[in-house]
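Let me begin by presenting the structure, written as structure tokens, before commenting on it.
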Amino acid sequence: MSDVPPPANAPIIVIGAGVIGASIAHHLARAGHDVIVLDRGTPGAGVTAASFAWVGMAKSAADAYAGSLRQRARPEFDRVLTELAAPIGLRPFGAVTWEESEVLTRAFVADHQAAGHRMELLTAREALRREPSLREAPDVVAYAPDDVGVDPVAYTRALLQSAQEHGAEVRTGTAVVRLLTEDGRVRGVLTDHGELSAKSVVVAAGTASASLVGSVGVDIDVVGSPCCLLRFSTPRPLVRGILSSPELEVRQLDDTTLLAAEDVPEGFSGDPRQLAAAALAAIRRSFVGAEDVRLDDAVIADRPMPAGGHPLVGPVPAMSGLQLAIAHPGVILSAEIGRQVAADHASL
């Protein structure tokens, strides 16, 4: 690691204006740092826009929350919400879920309860009271009362708005070509609009991060895991909170937009709308009044998955002035990642 000091009066550059980059900018700017956010597109328009944006416990195994990052993710998310002025499409109505059998559902809830997580078992009648449009439910379902949904793009823009209100600059339509180094440390970036000096560069560019840090000899293993997000129009809200079963995963984005998440078959390269048929059939089969539900849009995006599934967050030991912020799921982890990155820059 180089002992050469960073450029005087240079900003911290955040590469990527998705939800993680936006959270980092929010935290850094609130801490008093000069921040420039760079993105080749528009804020939240990449994989963030294709996020189901389910913030909570349900459908994740209890041991997924064993790491400190996941343990702190939800309280930090709740804290950040108190710092944002712009609406984020918050729908705080919990999540009703069930597994392929009652035994598996009971075991899922028991594991979470043993870990100290708020989750409970409901009867079918109780589940139908919470989701009155649902035609039927199993005898036993899981209920996570604290689970919420947000509009991921609105959340990202609210974070960036907060960052800008605290002095950050957001430059969209600006592609980073490569990182620039001098005497063993990152000193800035080369963009398609020219060079920018930086006291630190935070790479939060999802699957594009590997090639960016590779430009300065840093090797990271990040692969794209394809996911499909479907948007349906609904004449009225069909789902109050979040509902997930072995055959569908749905929630309302707003009162007339229903989101569904679908797996992408291995090797699939066709029109994403082809993946909507099974989900639409399940929605119409599962909910009263779903006959008029129509597909509006379908998109496939590559979620950034670091090797081993562990987030890559923090300084790169071999390259001074460079930090990574690459993780999935981005929406729920974004607040804690932003807090950590700001803490790492406390001495700058």
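Labeling convention for the structure tokens: chains A, B, ... as they appear, residues from 1 per chain, ligands from 1 in order of appearance.
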Backbone DSSP call of alpha helix (DSSP H) for stretch 201-241 of chain A, listed as a PyMOL selection string: chain A and resi 209-214
Could you write those residues out with N, CA, C and O atoms, as a tab-separated table (two decimals), in the first residue's frame?
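Final output, result15.tsv:
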```
chain	number	residue	atom	x	y	z
A	209	SER	N	-18.22	-4.01	-12.16
A	209	SER	CA	-17.14	-3.68	-11.22
A	209	SER	C	-15.87	-4.47	-11.50
A	209	SER	O	-14.76	-3.95	-11.35
A	210	ALA	N	-16.01	-5.73	-11.91
A	210	ALA	CA	-14.83	-6.58	-12.12
A	210	ALA	C	-13.90	-6.01	-13.17
A	210	ALA	O	-12.68	-5.97	-13.00
A	211	SER	N	-14.47	-5.55	-14.29
A	211	SER	CA	-13.61	-5.01	-15.35
A	211	SER	C	-13.01	-3.67	-14.93
A	211	SER	O	-11.86	-3.35	-15.31
A	212	LEU	N	-13.73	-2.87	-14.16
A	212	LEU	CA	-13.19	-1.59	-13.72
A	212	LEU	C	-11.99	-1.77	-12.81
A	212	LEU	O	-10.94	-1.14	-13.01
A	213	VAL	N	-12.11	-2.62	-11.81
A	213	VAL	CA	-10.97	-2.80	-10.89
A	213	VAL	C	-9.88	-3.64	-11.56
A	213	VAL	O	-8.70	-3.53	-11.22
A	214	GLY	N	-10.27	-4.44	-12.55
A	214	GLY	CA	-9.26	-5.18	-13.31
A	214	GLY	C	-8.34	-4.27	-14.08
A	214	GLY	O	-7.20	-4.63	-14.39
```
As a ChimeraX atom specification, which residues of stretch 102-259 of chain A does DSSP assign to strand (DSSP E)? /A:120-123,140-144,148-149,169-171,176-182,185-191,194-197,200-203,222-233,242-245,248-254,257-259
My list of candidates is A:Val222, A:Ala137, A:Ala115, A:Leu84. Which is closest to A:Leu159 when distances are computed with only C-alpha atoms?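 So, comparing all the options, the nearest one is A:Leu84.
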Would you kindly return, as a PDB file with C-alpha atoms, in the first residue's frame, each protein, DNA or RNA residue with an atom no farther than 12 Å from any atom of A:Gly308, considering only C-alpha atoms and excluding same-chain residues fewer than 4 positions away?
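Printed below is result-v8.pdb as written:
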```
ATOM      1  CA  ILE A 220     -12.414 -10.008  -8.135  1.00  0.00           C
ATOM      2  CA  ASP A 221     -14.878 -12.768  -8.941  1.00  0.00           C
ATOM      3  CA  VAL A 222     -18.362 -11.381  -9.615  1.00  0.00           C
ATOM      4  CA  VAL A 223     -20.868 -13.133 -11.841  1.00  0.00           C
ATOM      5  CA  PRO A 304     -24.112  -9.059  -9.078  1.00  0.00           C
ATOM      6  CA  LEU A 312     -17.406  -7.426  -1.385  1.00  0.00           C
ATOM      7  CA  ALA A 327     -23.522  -7.151  -2.962  1.00  0.00           C
ATOM      8  CA  HIS A 328     -26.861  -8.861  -3.365  1.00  0.00           C
TER       9      HIS A 328
END
```
Near stretch 96-107 of chain A, counting only C-alpha atoms, which residues have an atom at most 12 Å away, once you skip same-chain residues fewer than 5 positions from it, shown as a PDB file with N, CA and C atoms, in the first residue's frame?
```
ATOM      1  N   GLY A  56     -36.839  -7.644   4.182  1.00  0.00           N
ATOM      2  CA  GLY A  56     -37.302  -8.382   5.347  1.00  0.00           C
ATOM      3  C   GLY A  56     -36.720  -9.766   5.448  1.00  0.00           C
ATOM      4  N   MET A  57     -37.371 -10.587   6.256  1.00  0.00           N
ATOM      5  CA  MET A  57     -36.856 -11.905   6.607  1.00  0.00           C
ATOM      6  C   MET A  57     -37.398 -13.035   5.731  1.00  0.00           C
ATOM      7  N   ALA A  58     -38.669 -12.946   5.369  1.00  0.00           N
ATOM      8  CA  ALA A  58     -39.339 -14.089   4.774  1.00  0.00           C
ATOM      9  C   ALA A  58     -38.658 -14.545   3.487  1.00  0.00           C
ATOM     10  N   LYS A  59     -38.639 -15.848   3.292  1.00  0.00           N
ATOM     11  CA  LYS A  59     -38.046 -16.542   2.153  1.00  0.00           C
ATOM     12  C   LYS A  59     -36.533 -16.638   2.206  1.00  0.00           C
ATOM     13  N   SER A  60     -35.900 -15.989   3.165  1.00  0.00           N
ATOM     14  CA  SER A  60     -34.467 -16.204   3.377  1.00  0.00           C
ATOM     15  C   SER A  60     -34.298 -17.113   4.573  1.00  0.00           C
ATOM     16  N   ALA A  61     -33.395 -18.073   4.478  1.00  0.00           N
ATOM     17  CA  ALA A  61     -33.130 -18.958   5.608  1.00  0.00           C
ATOM     18  C   ALA A  61     -32.615 -18.158   6.788  1.00  0.00           C
ATOM     19  N   ALA A  62     -32.911 -18.620   7.983  1.00  0.00           N
ATOM     20  CA  ALA A  62     -32.523 -17.881   9.183  1.00  0.00           C
ATOM     21  C   ALA A  62     -31.019 -17.667   9.252  1.00  0.00           C
ATOM     22  N   HIS A 112     -36.346 -19.279  12.291  1.00  0.00           N
ATOM     23  CA  HIS A 112     -36.288 -17.830  12.451  1.00  0.00           C
ATOM     24  C   HIS A 112     -36.579 -17.419  13.896  1.00  0.00           C
ATOM     25  N   GLN A 113     -37.553 -18.038  14.504  1.00  0.00           N
ATOM     26  CA  GLN A 113     -37.869 -17.711  15.890  1.00  0.00           C
ATOM     27  C   GLN A 113     -36.697 -18.038  16.810  1.00  0.00           C
ATOM     28  N   ALA A 114     -36.020 -19.162  16.552  1.00  0.00           N
ATOM     29  CA  ALA A 114     -34.857 -19.543  17.359  1.00  0.00           C
ATOM     30  C   ALA A 114     -33.731 -18.525  17.208  1.00  0.00           C
ATOM     31  N   MET A 119     -41.319 -13.629  13.535  1.00  0.00           N
ATOM     32  CA  MET A 119     -42.053 -14.410  12.554  1.00  0.00           C
ATOM     33  C   MET A 119     -43.007 -15.316  13.308  1.00  0.00           C
ATOM     34  N   GLU A 120     -44.161 -15.574  12.702  1.00  0.00           N
ATOM     35  CA  GLU A 120     -45.166 -16.370  13.394  1.00  0.00           C
ATOM     36  C   GLU A 120     -45.901 -17.257  12.412  1.00  0.00           C
ATOM     37  N   LEU A 121     -46.621 -18.238  12.976  1.00  0.00           N
ATOM     38  CA  LEU A 121     -47.470 -19.108  12.177  1.00  0.00           C
ATOM     39  C   LEU A 121     -48.896 -18.585  12.201  1.00  0.00           C
ATOM     40  N   LEU A 122     -49.537 -18.609  11.038  1.00  0.00           N
ATOM     41  CA  LEU A 122     -50.938 -18.238  10.938  1.00  0.00           C
ATOM     42  C   LEU A 122     -51.744 -19.415  10.400  1.00  0.00           C
ATOM     43  N   THR A 123     -53.015 -19.463  10.770  1.00  0.00           N
ATOM     44  CA  THR A 123     -53.917 -20.414  10.147  1.00  0.00           C
ATOM     45  C   THR A 123     -54.336 -19.879   8.782  1.00  0.00           C
ATOM     46  N   ALA A 124     -54.962 -20.739   7.996  1.00  0.00           N
ATOM     47  CA  ALA A 124     -55.442 -20.305   6.686  1.00  0.00           C
ATOM     48  C   ALA A 124     -56.433 -19.158   6.836  1.00  0.00           C
ATOM     49  N   GLU A 126     -56.594 -16.891   9.202  1.00  0.00           N
ATOM     50  CA  GLU A 126     -55.872 -15.663   9.554  1.00  0.00           C
ATOM     51  C   GLU A 126     -55.143 -15.092   8.338  1.00  0.00           C
ATOM     52  N   ALA A 127     -54.580 -15.982   7.531  1.00  0.00           N
ATOM     53  CA  ALA A 127     -53.881 -15.521   6.327  1.00  0.00           C
ATOM     54  C   ALA A 127     -54.846 -14.845   5.366  1.00  0.00           C
ATOM     55  N   LEU A 128     -56.046 -15.389   5.213  1.00  0.00           N
ATOM     56  CA  LEU A 128     -57.023 -14.812   4.299  1.00  0.00           C
ATOM     57  C   LEU A 128     -57.567 -13.487   4.814  1.00  0.00           C
ATOM     58  N   ARG A 129     -57.558 -13.294   6.119  1.00  0.00           N
ATOM     59  CA  ARG A 129     -57.938 -11.984   6.649  1.00  0.00           C
ATOM     60  C   ARG A 129     -56.883 -10.942   6.298  1.00  0.00           C
ATOM     61  N   ARG A 130     -55.630 -11.347   6.267  1.00  0.00           N
ATOM     62  CA  ARG A 130     -54.560 -10.410   5.912  1.00  0.00           C
ATOM     63  C   ARG A 130     -54.498 -10.181   4.407  1.00  0.00           C
ATOM     64  N   GLU A 131     -54.851 -11.182   3.643  1.00  0.00           N
ATOM     65  CA  GLU A 131     -54.848 -11.066   2.184  1.00  0.00           C
ATOM     66  C   GLU A 131     -56.224 -11.475   1.670  1.00  0.00           C
ATOM     67  N   PRO A 132     -57.203 -10.573   1.775  1.00  0.00           N
ATOM     68  CA  PRO A 132     -58.588 -10.941   1.479  1.00  0.00           C
ATOM     69  C   PRO A 132     -58.877 -11.295   0.020  1.00  0.00           C
ATOM     70  N   LEU A 134     -57.001 -13.291  -1.715  1.00  0.00           N
ATOM     71  CA  LEU A 134     -56.466 -14.633  -1.935  1.00  0.00           C
ATOM     72  C   LEU A 134     -57.608 -15.653  -1.879  1.00  0.00           C
ATOM     73  N   ALA A 137     -55.598 -20.618   1.112  1.00  0.00           N
ATOM     74  CA  ALA A 137     -54.255 -20.713   1.684  1.00  0.00           C
ATOM     75  C   ALA A 137     -54.122 -22.062   2.373  1.00  0.00           C
ATOM     76  N   PRO A 138     -52.900 -22.541   2.552  1.00  0.00           N
ATOM     77  CA  PRO A 138     -52.712 -23.795   3.282  1.00  0.00           C
ATOM     78  C   PRO A 138     -53.155 -23.655   4.742  1.00  0.00           C
ATOM     79  N   ASP A 139     -53.244 -24.771   5.427  1.00  0.00           N
ATOM     80  CA  ASP A 139     -53.675 -24.756   6.823  1.00  0.00           C
ATOM     81  C   ASP A 139     -52.721 -23.962   7.704  1.00  0.00           C
ATOM     82  N   VAL A 140     -51.440 -23.942   7.334  1.00  0.00           N
ATOM     83  CA  VAL A 140     -50.424 -23.235   8.118  1.00  0.00           C
ATOM     84  C   VAL A 140     -49.567 -22.396   7.171  1.00  0.00           C
ATOM     85  N   VAL A 141     -49.402 -21.116   7.487  1.00  0.00           N
ATOM     86  CA  VAL A 141     -48.528 -20.241   6.694  1.00  0.00           C
ATOM     87  C   VAL A 141     -47.616 -19.465   7.625  1.00  0.00           C
ATOM     88  N   ALA A 142     -46.542 -18.945   7.070  1.00  0.00           N
ATOM     89  CA  ALA A 142     -45.619 -18.095   7.823  1.00  0.00           C
ATOM     90  C   ALA A 142     -46.002 -16.641   7.614  1.00  0.00           C
ATOM     91  N   TYR A 143     -45.818 -15.846   8.661  1.00  0.00           N
ATOM     92  CA  TYR A 143     -46.109 -14.416   8.556  1.00  0.00           C
ATOM     93  C   TYR A 143     -44.969 -13.627   9.186  1.00  0.00           C
ATOM     94  N   ALA A 144     -44.370 -12.734   8.391  1.00  0.00           N
ATOM     95  CA  ALA A 144     -43.303 -11.849   8.866  1.00  0.00           C
ATOM     96  C   ALA A 144     -43.877 -10.440   8.925  1.00  0.00           C
ATOM     97  N   PRO A 145     -44.279  -9.969  10.125  1.00  0.00           N
ATOM     98  CA  PRO A 145     -45.009  -8.693  10.214  1.00  0.00           C
ATOM     99  C   PRO A 145     -44.195  -7.463   9.857  1.00  0.00           C
ATOM    100  N   ASP A 146     -42.867  -7.550   9.945  1.00  0.00           N
ATOM    101  CA  ASP A 146     -42.042  -6.367   9.705  1.00  0.00           C
ATOM    102  C   ASP A 146     -41.549  -6.245   8.274  1.00  0.00           C
ATOM    103  N   ASP A 147     -41.837  -7.225   7.434  1.00  0.00           N
ATOM    104  CA  ASP A 147     -41.368  -7.168   6.052  1.00  0.00           C
ATOM    105  C   ASP A 147     -42.102  -6.061   5.292  1.00  0.00           C
ATOM    106  N   VAL A 148     -41.362  -5.375   4.425  1.00  0.00           N
ATOM    107  CA  VAL A 148     -41.928  -4.259   3.660  1.00  0.00           C
ATOM    108  C   VAL A 148     -41.470  -4.348   2.208  1.00  0.00           C
ATOM    109  N   VAL A 239     -52.979  -7.544  -3.751  1.00  0.00           N
ATOM    110  CA  VAL A 239     -52.163  -8.023  -2.647  1.00  0.00           C
ATOM    111  C   VAL A 239     -51.927  -6.866  -1.682  1.00  0.00           C
ATOM    112  N   ARG A 240     -52.184  -7.109  -0.413  1.00  0.00           N
ATOM    113  CA  ARG A 240     -51.994  -6.038   0.566  1.00  0.00           C
ATOM    114  C   ARG A 240     -50.514  -5.898   0.925  1.00  0.00           C
ATOM    115  N   GLY A 241     -49.882  -7.010   1.235  1.00  0.00           N
ATOM    116  CA  GLY A 241     -48.467  -6.986   1.581  1.00  0.00           C
ATOM    117  C   GLY A 241     -47.639  -7.695   0.523  1.00  0.00           C
ATOM    118  N   ILE A 242     -46.872  -8.690   0.949  1.00  0.00           N
ATOM    119  CA  ILE A 242     -46.070  -9.509   0.033  1.00  0.00           C
ATOM    120  C   ILE A 242     -46.552 -10.941   0.183  1.00  0.00           C
ATOM    121  N   LEU A 243     -46.699 -11.644  -0.916  1.00  0.00           N
ATOM    122  CA  LEU A 243     -47.132 -13.031  -0.861  1.00  0.00           C
ATOM    123  C   LEU A 243     -46.187 -13.890  -1.679  1.00  0.00           C
ATOM    124  N   SER A 244     -45.724 -14.972  -1.040  1.00  0.00           N
ATOM    125  CA  SER A 244     -44.803 -15.880  -1.722  1.00  0.00           C
ATOM    126  C   SER A 244     -45.194 -17.320  -1.413  1.00  0.00           C
ATOM    127  N   SER A 245     -45.328 -18.096  -2.472  1.00  0.00           N
ATOM    128  CA  SER A 245     -45.654 -19.515  -2.346  1.00  0.00           C
ATOM    129  C   SER A 245     -44.751 -20.280  -3.310  1.00  0.00           C
ATOM    130  N   PRO A 246     -44.816 -21.600  -3.320  1.00  0.00           N
ATOM    131  CA  PRO A 246     -43.978 -22.344  -4.270  1.00  0.00           C
ATOM    132  C   PRO A 246     -44.243 -22.002  -5.730  1.00  0.00           C
ATOM    133  N   GLU A 247     -45.420 -21.421  -6.059  1.00  0.00           N
ATOM    134  CA  GLU A 247     -45.701 -21.153  -7.464  1.00  0.00           C
ATOM    135  C   GLU A 247     -45.699 -19.685  -7.852  1.00  0.00           C
ATOM    136  N   LEU A 248     -45.630 -18.769  -6.890  1.00  0.00           N
ATOM    137  CA  LEU A 248     -45.561 -17.362  -7.277  1.00  0.00           C
ATOM    138  C   LEU A 248     -45.019 -16.513  -6.133  1.00  0.00           C
ATOM    139  N   GLU A 249     -44.489 -15.339  -6.535  1.00  0.00           N
ATOM    140  CA  GLU A 249     -43.966 -14.344  -5.584  1.00  0.00           C
ATOM    141  C   GLU A 249     -44.418 -12.986  -6.099  1.00  0.00           C
ATOM    142  N   VAL A 250     -45.347 -12.351  -5.374  1.00  0.00           N
ATOM    143  CA  VAL A 250     -45.963 -11.132  -5.881  1.00  0.00           C
ATOM    144  C   VAL A 250     -46.125 -10.098  -4.774  1.00  0.00           C
ATOM    145  N   ARG A 251     -46.192  -8.835  -5.202  1.00  0.00           N
ATOM    146  CA  ARG A 251     -46.539  -7.736  -4.306  1.00  0.00           C
ATOM    147  C   ARG A 251     -46.961  -6.552  -5.172  1.00  0.00           C
TER     148      ARG A 251
END
```
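Shortest separation to A:Gly206 among A:Pro43, A:Pro306, A:Gly149, A:Gly338 occurs at residue A:Pro306, atoms counted being only C-alpha atoms.
Candidate residues A:Ala276, A:Tyr155, A:Phe287, A:Pro317 were compared for distance to A:Glu83, and the nearest is A:Tyr155, using only C-alpha atoms.
Pairwise distance (atom CA of A:Glu76, atom CA of A:Ile20) equals 13.2 Å.
Put simply, atom CA of A:Ala298 is 22.5 Å away from atom CA of A:Ile332.
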